[in-house]
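K.L.:
Just one file: work.txt, with compact mmCIF, C-alpha atoms.
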```txt
# COMPACT_ATOMS: atom_id res chain seq x y z
CA MET A 1 1.23 1.69 5.45
CA SER A 2 1.41 1.41 9.23
CA GLN A 3 4.50 2.68 11.03
CA GLY A 4 4.32 -0.71 12.74
CA ILE A 5 5.93 -2.32 9.69
CA GLU A 6 9.20 -0.43 10.18
CA TRP A 7 9.13 -1.02 13.94
CA SER A 8 8.32 -4.72 13.58
CA ILE A 9 10.98 -5.54 11.02
CA HIS A 10 13.68 -3.73 13.00
CA CYS A 11 12.61 -5.37 16.28
CA CYS A 12 12.43 -8.84 14.73
CA ALA A 13 15.91 -8.28 13.23
CA LEU A 14 17.17 -7.37 16.71
CA LEU A 15 15.62 -10.53 18.17
CA ALA A 16 17.30 -12.54 15.42
CA LEU A 17 20.61 -11.61 17.08
CA LEU A 18 19.75 -13.23 20.42
CA PRO A 19 21.56 -16.38 21.48
CA PRO A 20 19.41 -19.53 21.21
CA LYS A 21 16.57 -19.82 23.76
CA ARG A 22 17.20 -16.32 25.14
CA THR A 23 14.48 -13.67 25.30
CA LEU A 24 14.43 -9.90 25.65
CA ARG A 25 11.88 -7.85 27.56
CA ILE A 26 9.74 -5.55 25.46
CA GLU A 27 10.90 -2.55 27.51
CA LYS A 28 14.50 -3.22 26.44
CA ILE A 29 13.57 -3.72 22.79
CA ALA A 30 11.59 -0.46 22.86
CA GLN A 31 14.55 1.26 24.49
CA PHE A 32 16.90 0.07 21.74
CA TYR A 33 14.90 2.00 19.13
CA ASP A 34 13.36 4.63 21.44
CA LEU A 35 9.81 3.43 20.76
CA PRO A 36 6.70 3.75 22.97
CA VAL A 37 6.08 0.43 24.75
CA PRO A 38 2.23 0.44 24.58
CA TYR A 39 2.15 0.84 20.78
CA LEU A 40 4.98 -1.62 20.31
CA ARG A 41 3.15 -4.14 22.51
CA LYS A 42 0.15 -3.96 20.19
CA HIS A 43 2.34 -4.88 17.22
CA PHE A 44 4.09 -7.62 19.19
CA GLN A 45 0.69 -9.14 19.95
CA ASP A 46 -0.03 -9.19 16.21
CA LEU A 47 3.38 -10.74 15.50
CA SER A 48 2.79 -13.38 18.21
CA ARG A 49 -0.64 -14.24 16.82
CA ALA A 50 1.00 -14.70 13.42
CA GLY A 51 3.51 -17.17 14.89
CA ILE A 52 6.50 -14.87 14.34
CA LEU A 53 7.23 -13.99 17.97
CA LYS A 54 7.01 -16.12 21.06
CA THR A 55 6.68 -14.75 24.55
CA THR A 56 7.71 -16.36 27.80
CA SER A 57 6.30 -15.18 31.11
CA GLY A 58 7.93 -14.89 34.50
CA PRO A 59 10.60 -12.55 35.89
CA LYS A 60 13.04 -13.53 33.14
CA GLY A 61 10.33 -13.62 30.49
CA GLY A 62 10.36 -11.71 27.26
CA TYR A 63 10.16 -12.05 23.51
CA ARG A 64 12.10 -14.11 21.01
CA LEU A 65 11.52 -15.25 17.43
CA ALA A 66 9.14 -18.20 17.30
CA ARG A 67 11.08 -19.72 14.41
CA GLU A 68 14.45 -19.38 12.75
CA ALA A 69 15.31 -16.07 11.08
CA LYS A 70 15.53 -17.74 7.69
CA GLU A 71 11.94 -18.97 8.14
CA VAL A 72 10.50 -15.46 8.60
CA ASN A 73 10.21 -13.19 5.58
CA LEU A 74 9.06 -9.60 5.16
CA LEU A 75 5.68 -10.71 3.81
CA HIS A 76 5.01 -12.65 7.03
CA ILE A 77 5.69 -9.48 9.05
CA TYR A 78 3.76 -7.25 6.63
CA GLU A 79 0.69 -9.48 6.79
CA ALA A 80 0.92 -9.83 10.58
CA ILE A 81 0.65 -6.04 10.92
CA GLU A 82 -1.50 -5.01 7.94
CA GLY A 83 -3.64 -8.11 7.72
CA PRO A 84 -4.02 -10.50 4.79
CA GLU A 85 -6.60 -8.36 2.96
CA HIS A 86 -5.82 -6.52 -0.25
CA ALA A 87 -4.84 -2.87 0.16
CA PHE A 88 -7.13 -2.12 -2.79
CA ARG A 89 -10.68 -2.71 -1.57
CA CYS A 90 -13.14 -3.25 -4.38
CA ASN A 91 -16.54 -1.85 -3.46
CA GLU A 92 -18.11 -2.88 -6.77
CA ILE A 93 -19.17 0.67 -7.58
CA ARG A 94 -19.78 -0.53 -11.14
CA GLN A 95 -22.97 -2.11 -9.75
CA ASN A 96 -24.24 1.24 -8.48
CA GLY A 97 -26.21 3.96 -10.18
CA PRO A 98 -29.08 4.21 -12.63
CA ASN A 99 -27.79 1.51 -15.00
CA THR A 100 -27.40 -1.25 -12.46
CA CYS A 101 -28.42 -4.68 -13.68
CA GLY A 102 -28.30 -6.70 -10.48
CA GLN A 103 -25.54 -8.95 -9.24
CA LYS A 104 -26.17 -11.71 -11.79
CA VAL A 105 -24.43 -9.82 -14.61
CA TYR A 106 -21.24 -9.31 -12.57
CA PRO A 107 -20.06 -12.86 -12.00
CA ALA A 108 -16.33 -12.06 -11.65
CA ALA A 109 -14.27 -9.21 -10.24
CA CYS A 110 -13.81 -6.44 -12.80
CA ASN A 111 -10.52 -5.80 -14.56
CA ILE A 112 -9.83 -2.72 -12.44
CA ALA A 113 -9.81 -4.80 -9.25
CA THR A 114 -7.84 -7.65 -10.82
CA SER A 115 -5.24 -5.22 -12.21
CA MET A 116 -4.77 -3.62 -8.79
CA TRP A 117 -4.55 -7.03 -7.10
CA LYS A 118 -2.02 -8.27 -9.65
CA ALA A 119 0.20 -5.29 -8.77
CA GLU A 120 -0.23 -6.06 -5.06
CA GLU A 121 0.76 -9.64 -5.79
CA ALA A 122 4.02 -8.40 -7.35
CA PHE A 123 4.63 -6.37 -4.17
CA ARG A 124 4.04 -9.41 -1.99
CA ARG A 125 6.25 -11.69 -4.08
CA GLU A 126 9.14 -9.24 -3.61
CA LEU A 127 8.63 -9.12 0.16
CA GLU A 128 8.51 -12.89 0.26
CA LYS A 129 12.00 -13.10 -1.22
CA VAL A 130 13.61 -11.32 1.75
CA SER A 131 14.06 -13.24 5.01
CA LEU A 132 15.02 -11.84 8.40
CA GLU A 133 18.27 -13.75 7.97
CA ASP A 134 18.94 -11.77 4.76
CA ILE A 135 18.19 -8.53 6.61
CA VAL A 136 20.55 -9.36 9.45
CA LYS A 137 23.33 -10.49 7.11
CA THR A 138 23.23 -7.47 4.82
CA ALA A 139 22.76 -5.11 7.79
CA ALA A 140 26.01 -6.49 9.22
CA LEU A 141 27.77 -5.25 6.08
CA GLN A 142 26.14 -1.82 6.35
CA ILE A 143 26.64 -1.12 10.05
CA SER A 144 29.69 0.85 11.14
CA PRO A 145 32.16 -0.86 13.54
CA GLU A 146 31.35 1.78 16.17
CA ARG A 147 27.62 1.06 16.01
CA ARG A 148 28.14 -2.69 15.95
CA GLN A 149 30.34 -2.60 19.05
CA LYS A 150 27.96 -0.34 20.99
CA SER A 151 24.96 -2.52 20.10
CA ALA A 152 26.70 -5.79 20.96
CA GLN A 153 27.72 -4.39 24.35
CA TRP A 154 24.22 -3.05 25.03
CA LEU A 155 22.69 -6.41 24.11
CA GLU A 156 25.10 -8.30 26.38
CA GLU A 157 24.25 -6.04 29.31
CA ALA A 158 20.53 -6.21 28.59
CA LEU A 159 20.63 -10.01 28.59
CA SER A 160 22.72 -10.27 31.76
CA ASN A 161 20.50 -7.83 33.66
CA GLN A 162 17.26 -9.68 33.17
CA MET B 1 -5.19 2.61 0.05
CA SER B 2 -7.70 5.39 -0.52
CA GLN B 3 -11.16 4.55 -1.81
CA GLY B 4 -10.43 7.34 -4.29
CA ILE B 5 -8.34 4.93 -6.37
CA GLU B 6 -11.35 2.76 -7.23
CA TRP B 7 -13.53 5.80 -7.85
CA SER B 8 -10.92 7.54 -9.99
CA ILE B 9 -10.11 4.58 -12.23
CA HIS B 10 -13.80 3.85 -12.86
CA CYS B 11 -14.59 7.50 -13.56
CA CYS B 12 -11.60 7.94 -15.88
CA ALA B 13 -12.65 4.76 -17.72
CA LEU B 14 -16.15 6.27 -18.14
CA LEU B 15 -14.65 9.48 -19.50
CA ALA B 16 -12.56 7.41 -21.93
CA LEU B 17 -15.88 6.49 -23.60
CA LEU B 18 -16.83 10.08 -24.43
CA PRO B 19 -16.82 11.22 -28.05
CA PRO B 20 -13.84 13.50 -28.88
CA LYS B 21 -13.95 16.99 -27.33
CA ARG B 22 -17.08 16.20 -25.29
CA THR B 23 -17.21 16.65 -21.54
CA LEU B 24 -19.42 15.33 -18.75
CA ARG B 25 -20.51 17.22 -15.66
CA ILE B 26 -19.22 15.83 -12.37
CA GLU B 27 -22.80 15.46 -11.09
CA LYS B 28 -23.54 13.05 -13.96
CA ILE B 29 -20.33 11.09 -13.44
CA ALA B 30 -21.11 10.81 -9.71
CA GLN B 31 -24.65 9.69 -10.55
CA PHE B 32 -23.36 6.93 -12.84
CA TYR B 33 -21.59 5.26 -9.90
CA ASP B 34 -23.76 6.67 -7.08
CA LEU B 35 -20.86 8.56 -5.52
CA PRO B 36 -20.95 11.70 -3.33
CA VAL B 37 -20.07 14.74 -5.46
CA PRO B 38 -18.01 16.64 -2.83
CA TYR B 39 -15.61 13.72 -2.23
CA LEU B 40 -15.40 12.93 -5.93
CA ARG B 41 -14.60 16.58 -6.67
CA LYS B 42 -11.60 16.40 -4.34
CA HIS B 43 -10.23 13.43 -6.32
CA PHE B 44 -11.00 15.12 -9.64
CA GLN B 45 -8.98 18.12 -8.49
CA ASP B 46 -6.04 15.79 -7.79
CA LEU B 47 -6.49 14.12 -11.20
CA SER B 48 -6.61 17.52 -12.90
CA ARG B 49 -3.47 18.69 -11.12
CA ALA B 50 -1.76 15.52 -12.35
CA GLY B 51 -2.71 16.32 -15.95
CA ILE B 52 -5.08 13.35 -16.26
CA LEU B 53 -8.38 15.26 -16.36
CA LYS B 54 -9.23 18.54 -17.99
CA THR B 55 -12.14 20.70 -16.97
CA THR B 56 -14.01 23.21 -19.05
CA SER B 57 -16.14 25.89 -17.45
CA GLY B 58 -19.44 27.39 -18.55
CA PRO B 59 -22.98 26.02 -18.76
CA LYS B 60 -21.83 23.11 -20.96
CA GLY B 61 -18.63 22.61 -19.00
CA GLY B 62 -17.47 19.44 -17.41
CA TYR B 63 -14.66 16.94 -17.29
CA ARG B 64 -12.85 14.94 -19.94
CA LEU B 65 -9.54 13.11 -20.14
CA ALA B 66 -6.66 15.53 -20.68
CA ARG B 67 -4.90 13.02 -22.91
CA GLU B 68 -5.68 9.85 -24.84
CA ALA B 69 -6.74 6.78 -22.86
CA LYS B 70 -3.69 4.88 -24.02
CA GLU B 71 -1.48 7.63 -22.53
CA VAL B 72 -2.94 7.26 -19.02
CA ASN B 73 -1.96 4.24 -16.96
CA LEU B 74 -3.00 3.02 -13.52
CA LEU B 75 0.22 4.29 -11.96
CA HIS B 76 -0.59 7.82 -13.13
CA ILE B 77 -3.98 7.60 -11.41
CA TYR B 78 -2.55 5.92 -8.29
CA GLU B 79 0.10 8.60 -7.86
CA ALA B 80 -2.37 11.41 -8.53
CA ILE B 81 -4.49 10.20 -5.60
CA GLU B 82 -1.95 8.72 -3.19
CA GLY B 83 0.96 11.02 -4.00
CA PRO B 84 4.38 10.08 -5.30
CA GLU B 85 5.81 9.20 -1.84
CA HIS B 86 6.58 5.65 -0.82
CA ALA B 87 3.86 3.90 1.17
CA PHE B 88 6.62 2.63 3.46
CA ARG B 89 7.92 5.66 5.33
CA CYS B 90 11.37 5.13 6.79
CA ASN B 91 11.75 7.04 10.05
CA GLU B 92 15.32 5.88 10.57
CA ILE B 93 14.54 4.36 13.94
CA ARG B 94 17.90 2.57 13.71
CA GLN B 95 19.42 5.96 14.60
CA ASN B 96 17.42 6.16 17.86
CA GLY B 97 18.11 4.80 21.30
CA PRO B 98 21.11 4.45 23.58
CA ASN B 99 23.48 3.16 20.89
CA THR B 100 23.05 5.97 18.41
CA CYS B 101 26.22 7.05 16.67
CA GLY B 102 25.06 10.20 14.91
CA GLN B 103 24.01 10.59 11.31
CA LYS B 104 27.52 10.22 9.87
CA VAL B 105 27.54 6.43 10.28
CA TYR B 106 24.27 6.03 8.36
CA PRO B 107 25.17 7.29 4.90
CA ALA B 108 22.58 5.25 2.97
CA ALA B 109 19.06 3.96 3.55
CA CYS B 110 19.10 0.67 5.46
CA ASN B 111 18.30 -2.63 3.81
CA ILE B 112 14.85 -2.75 5.47
CA ALA B 113 13.79 0.45 3.73
CA THR B 114 15.37 -0.54 0.42
CA SER B 115 13.69 -3.98 0.52
CA MET B 116 10.28 -2.39 1.14
CA TRP B 117 10.82 0.17 -1.60
CA LYS B 118 11.94 -2.51 -4.04
CA ALA B 119 8.63 -4.30 -3.43
CA GLU B 120 6.74 -1.04 -3.96
CA GLU B 121 8.64 -0.58 -7.20
CA ALA B 122 7.38 -3.99 -8.39
CA PHE B 123 3.83 -2.84 -7.53
CA ARG B 124 4.28 0.36 -9.50
CA ARG B 125 5.78 -1.39 -12.52
CA GLU B 126 2.67 -3.62 -12.72
CA LEU B 127 0.32 -0.62 -12.53
CA GLU B 128 2.34 1.11 -15.23
CA LYS B 129 1.66 -1.75 -17.63
CA VAL B 130 -2.11 -1.16 -17.62
CA SER B 131 -3.52 1.81 -19.54
CA LEU B 132 -7.04 3.19 -19.41
CA GLU B 133 -7.38 1.96 -22.97
CA ASP B 134 -6.62 -1.59 -21.75
CA ILE B 135 -9.21 -1.21 -19.00
CA VAL B 136 -11.90 -0.03 -21.41
CA LYS B 137 -11.12 -2.75 -23.95
CA THR B 138 -11.14 -5.64 -21.51
CA ALA B 139 -14.16 -4.21 -19.67
CA ALA B 140 -16.05 -4.31 -22.97
CA LEU B 141 -15.49 -8.07 -23.04
CA GLN B 142 -16.67 -8.46 -19.44
CA ILE B 143 -19.79 -6.28 -19.51
CA SER B 144 -23.13 -7.95 -20.20
CA PRO B 145 -25.09 -6.77 -23.28
CA GLU B 146 -27.86 -5.53 -20.97
CA ARG B 147 -25.48 -3.35 -18.98
CA ARG B 148 -23.71 -2.10 -22.08
CA GLN B 149 -26.97 -1.03 -23.69
CA LYS B 150 -28.25 0.71 -20.55
CA SER B 151 -24.98 2.56 -20.09
CA ALA B 152 -24.71 3.65 -23.72
CA GLN B 153 -28.26 5.00 -23.61
CA TRP B 154 -27.65 6.79 -20.30
CA LEU B 155 -24.45 8.36 -21.68
CA GLU B 156 -26.20 9.53 -24.84
CA GLU B 157 -28.96 11.17 -22.79
CA ALA B 158 -26.49 12.71 -20.36
CA LEU B 159 -24.52 14.26 -23.22
CA SER B 160 -27.58 15.58 -25.02
CA ASN B 161 -29.03 17.14 -21.87
CA GLN B 162 -26.05 19.28 -20.99
```
Just give me the structure as structure tokens.
P.N.:
Amino acid sequence: MSQGIEWSIHCCALLALLPPKRTLRIEKIAQFYDLPVPYLRKHFQDLSRAGILKTTSGPKGGYRLAREAKEVNLLHIYEAIEGPEHAFRCNEIRQNGPNTCGQKVYPAACNIATSMWKAEEAFRRELEKVSLEDIVKTAALQISPERRQKSAQWLEEALSNQ
Amino acid sequence: MSQGIEWSIHCCALLALLPPKRTLRIEKIAQFYDLPVPYLRKHFQDLSRAGILKTTSGPKGGYRLAREAKEVNLLHIYEAIEGPEHAFRCNEIRQNGPNTCGQKVYPAACNIATSMWKAEEAFRRELEKVSLEDIVKTAALQISPERRQKSAQWLEEALSNQ
């Protein structure tokens, strides 16, 4: 699984903390988690294409969530980064070899592929249950007062300096 | 997900069809699905290490399942190939950046990691439900008579020629 999943969920959770209509420059977001801007930009482009992030241009431009935190779930972010395809790719190897009978005798996907896809579906259904709002709310219970205070101060400064 | 998962499940399902105590040479197994022997051997080594396949040496040596088909499930094969680690690797990026507070304030995994791992757990629980015996039984209902006959004949010849 791409490292971009961890980066993207954390960065989207950070953006969920912004006041309404405000944006944050990608350089500041990258700084918050000590991430390389060029790689992060690639993921942000994927997230924007998926309708999760919105970018505004200009000297005060930056990124914000394109919709409310409760309307973005972990499956949206996962699919934006990894794509909508199954992780298990069926190459129909059962059709290969000396006993092949041509495509006509394989009308449906085999039970190996469908079993793998059913398991992937269970994975996706779990991700779908967790919204960015859930992440932010439960994170607030996990974060130490020291960390919360530092982050809030950093965010205030970052917003006032741009 | 590695292509080795598809290869391994199909090959293990083929080996589940062998008469008791019989083995099949890797070259024949590879031929059945038109797979490259060197890559397949790498996966077979992983499957052997995981106690799923057993190999016998000598001129009549080859591979067979190390235990009954009902005792091998898709999670066993998945973990033999992909390893037991989570697909989502948490790099604790929340501890990075200008607001870091040192490891002491992060006693437990964050809710992003635990949410991803919970979803992976759902994936694994589904794979665990499906045994090689299930695969072979439902495949028998899916396979056309033409394919079944060709394969049975091929297997008989392969076993008698080694």
K.L.:
Can you pull out the residues contacting Trp154 in chain A? Cut-off 12 Å, using all atoms listed in the file, and skip same-chain residues under 3 positions away; I want them as a list in words.
P.N.:
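In the requested format, the answer is Leu14, Leu24, Lys28, Ile29, Gln31, Phe32, Arg147, Arg148, Gln149, Lys150, Ser151, Glu157, Ala158, Leu159, Ser160 and Asn161 of chain A; Gly97, Pro98, Asn99 and Thr100 of chain B.
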K.L.:
Store the residues of this selection in a file with C-alpha atoms, as an mmCIF file, keeping the file's coordinate frame.
P.N.:
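Result went into part_20.cif, see below:
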```
data_model
loop_
_atom_site.group_PDB
_atom_site.id
_atom_site.type_symbol
_atom_site.label_atom_id
_atom_site.label_comp_id
_atom_site.auth_asym_id
_atom_site.auth_seq_id
_atom_site.Cartn_x
_atom_site.Cartn_y
_atom_site.Cartn_z
ATOM 1 C CA LEU A 14 17.170 -7.370 16.710
ATOM 2 C CA LEU A 24 14.430 -9.900 25.650
ATOM 3 C CA LYS A 28 14.500 -3.220 26.440
ATOM 4 C CA ILE A 29 13.570 -3.720 22.790
ATOM 5 C CA GLN A 31 14.550 1.260 24.490
ATOM 6 C CA PHE A 32 16.900 0.070 21.740
ATOM 7 C CA ARG A 147 27.620 1.060 16.010
ATOM 8 C CA ARG A 148 28.140 -2.690 15.950
ATOM 9 C CA GLN A 149 30.340 -2.600 19.050
ATOM 10 C CA LYS A 150 27.960 -0.340 20.990
ATOM 11 C CA SER A 151 24.960 -2.520 20.100
ATOM 12 C CA GLU A 157 24.250 -6.040 29.310
ATOM 13 C CA ALA A 158 20.530 -6.210 28.590
ATOM 14 C CA LEU A 159 20.630 -10.010 28.590
ATOM 15 C CA SER A 160 22.720 -10.270 31.760
ATOM 16 C CA ASN A 161 20.500 -7.830 33.660
ATOM 17 C CA GLY B 97 18.110 4.800 21.300
ATOM 18 C CA PRO B 98 21.110 4.450 23.580
ATOM 19 C CA ASN B 99 23.480 3.160 20.890
ATOM 20 C CA THR B 100 23.050 5.970 18.410
#
```
K.L.:
Find the residues around Leu127 in chain B up to 8 Å (only C-alpha atoms counted), leave out those fewer than 3 positions away in its own chain, and share them as JSON, numbers by chain.
P.N.:
{"A": [115, 116, 119], "B": [73, 74, 75, 123, 124, 130]}
K.L.:
Leaving out Gln95 in chain A and any residue of its chain fewer than 6 positions from it, which residues lie within 8 Å of it when counting all atoms listed in the file, given as a list in words?
P.N.:
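Listed by chain and then number, they are Cys101, Gly102, Gln103 and Tyr106 of chain A; Tyr33 of chain B.
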K.L.:
Between A:Pro38, A:Pro107, A:Gly51, A:Pro145, which one has atoms that come closest to Ala80 in chain A, using only C-alpha atoms?
P.N.:
A:Gly51
K.L.:
Go through B:Thr23, B:Thr138, B:Asn111, B:Ser8 and flag the residue nearest Gly61 in chain B, using all atoms listed in the file for the distances.
P.N.:
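When distances to Gly61 in chain B are compared using all atoms listed in the file, the smallest one comes from B:Thr23.
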K.L.:
Can you work out which one of B:Leu40, B:Ile77, B:Ile93, B:Leu18 has the shortest atom-to-atom distance to chain A, counting only C-alpha atoms?
P.N.:
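Result for the nearest residue to chain A: B:Ile93.
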K.L.:
Using the partial input, fill out range 35-52 of chain A with N, CA, C and O atoms; write the result as a compact mmCIF listing (two decimals), in the coordinates of the input.
P.N.:
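Final output, rebuild09.txt:
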```txt
# COMPACT_ATOMS: atom_id res chain seq x y z
N LEU A 35 11.21 3.55 21.18
CA LEU A 35 9.81 3.43 20.76
C LEU A 35 8.88 3.37 21.98
O LEU A 35 9.30 2.92 23.05
N PRO A 36 7.63 3.81 21.84
CA PRO A 36 6.70 3.75 22.97
C PRO A 36 6.21 2.31 23.20
O PRO A 36 5.69 1.68 22.29
N VAL A 37 6.40 1.84 24.43
CA VAL A 37 6.08 0.43 24.75
C VAL A 37 4.62 0.06 24.44
O VAL A 37 4.37 -0.99 23.83
N PRO A 38 3.63 0.89 24.81
CA PRO A 38 2.23 0.44 24.58
C PRO A 38 1.93 0.18 23.10
O PRO A 38 1.27 -0.81 22.77
N TYR A 39 2.41 1.05 22.22
CA TYR A 39 2.15 0.84 20.78
C TYR A 39 2.92 -0.37 20.26
O TYR A 39 2.43 -1.14 19.46
N LEU A 40 4.16 -0.49 20.75
CA LEU A 40 4.98 -1.62 20.31
C LEU A 40 4.34 -2.93 20.76
O LEU A 40 4.34 -3.92 20.01
N ARG A 41 3.76 -2.92 21.97
CA ARG A 41 3.15 -4.14 22.51
C ARG A 41 2.01 -4.60 21.61
O ARG A 41 1.84 -5.79 21.35
N LYS A 42 1.25 -3.64 21.11
CA LYS A 42 0.15 -3.96 20.19
C LYS A 42 0.69 -4.71 18.95
O LYS A 42 0.12 -5.72 18.53
N HIS A 43 1.77 -4.22 18.40
CA HIS A 43 2.34 -4.88 17.22
C HIS A 43 2.92 -6.25 17.58
O HIS A 43 2.81 -7.20 16.81
N PHE A 44 3.52 -6.34 18.76
CA PHE A 44 4.09 -7.62 19.19
C PHE A 44 2.98 -8.67 19.39
O PHE A 44 3.21 -9.85 19.16
N GLN A 45 1.82 -8.21 19.82
CA GLN A 45 0.69 -9.14 19.95
C GLN A 45 0.29 -9.66 18.57
O GLN A 45 0.03 -10.85 18.40
N ASP A 46 0.29 -8.76 17.59
CA ASP A 46 -0.03 -9.19 16.21
C ASP A 46 1.03 -10.18 15.70
O ASP A 46 0.71 -11.17 15.04
N LEU A 47 2.28 -9.88 15.97
CA LEU A 47 3.38 -10.74 15.50
C LEU A 47 3.33 -12.10 16.20
O LEU A 47 3.66 -13.14 15.60
N SER A 48 2.90 -12.10 17.47
CA SER A 48 2.79 -13.38 18.21
C SER A 48 1.64 -14.21 17.65
O SER A 48 1.78 -15.42 17.45
N ARG A 49 0.53 -13.55 17.39
CA ARG A 49 -0.64 -14.24 16.82
C ARG A 49 -0.28 -14.86 15.47
O ARG A 49 -0.81 -15.91 15.10
N ALA A 50 0.61 -14.20 14.75
CA ALA A 50 1.00 -14.70 13.42
C ALA A 50 2.09 -15.77 13.51
O ALA A 50 2.56 -16.25 12.47
N GLY A 51 2.50 -16.12 14.74
CA GLY A 51 3.51 -17.17 14.89
C GLY A 51 4.92 -16.72 14.57
O GLY A 51 5.79 -17.54 14.28
N ILE A 52 5.15 -15.40 14.63
CA ILE A 52 6.50 -14.87 14.34
C ILE A 52 7.28 -14.66 15.64
O ILE A 52 8.46 -14.95 15.71
```
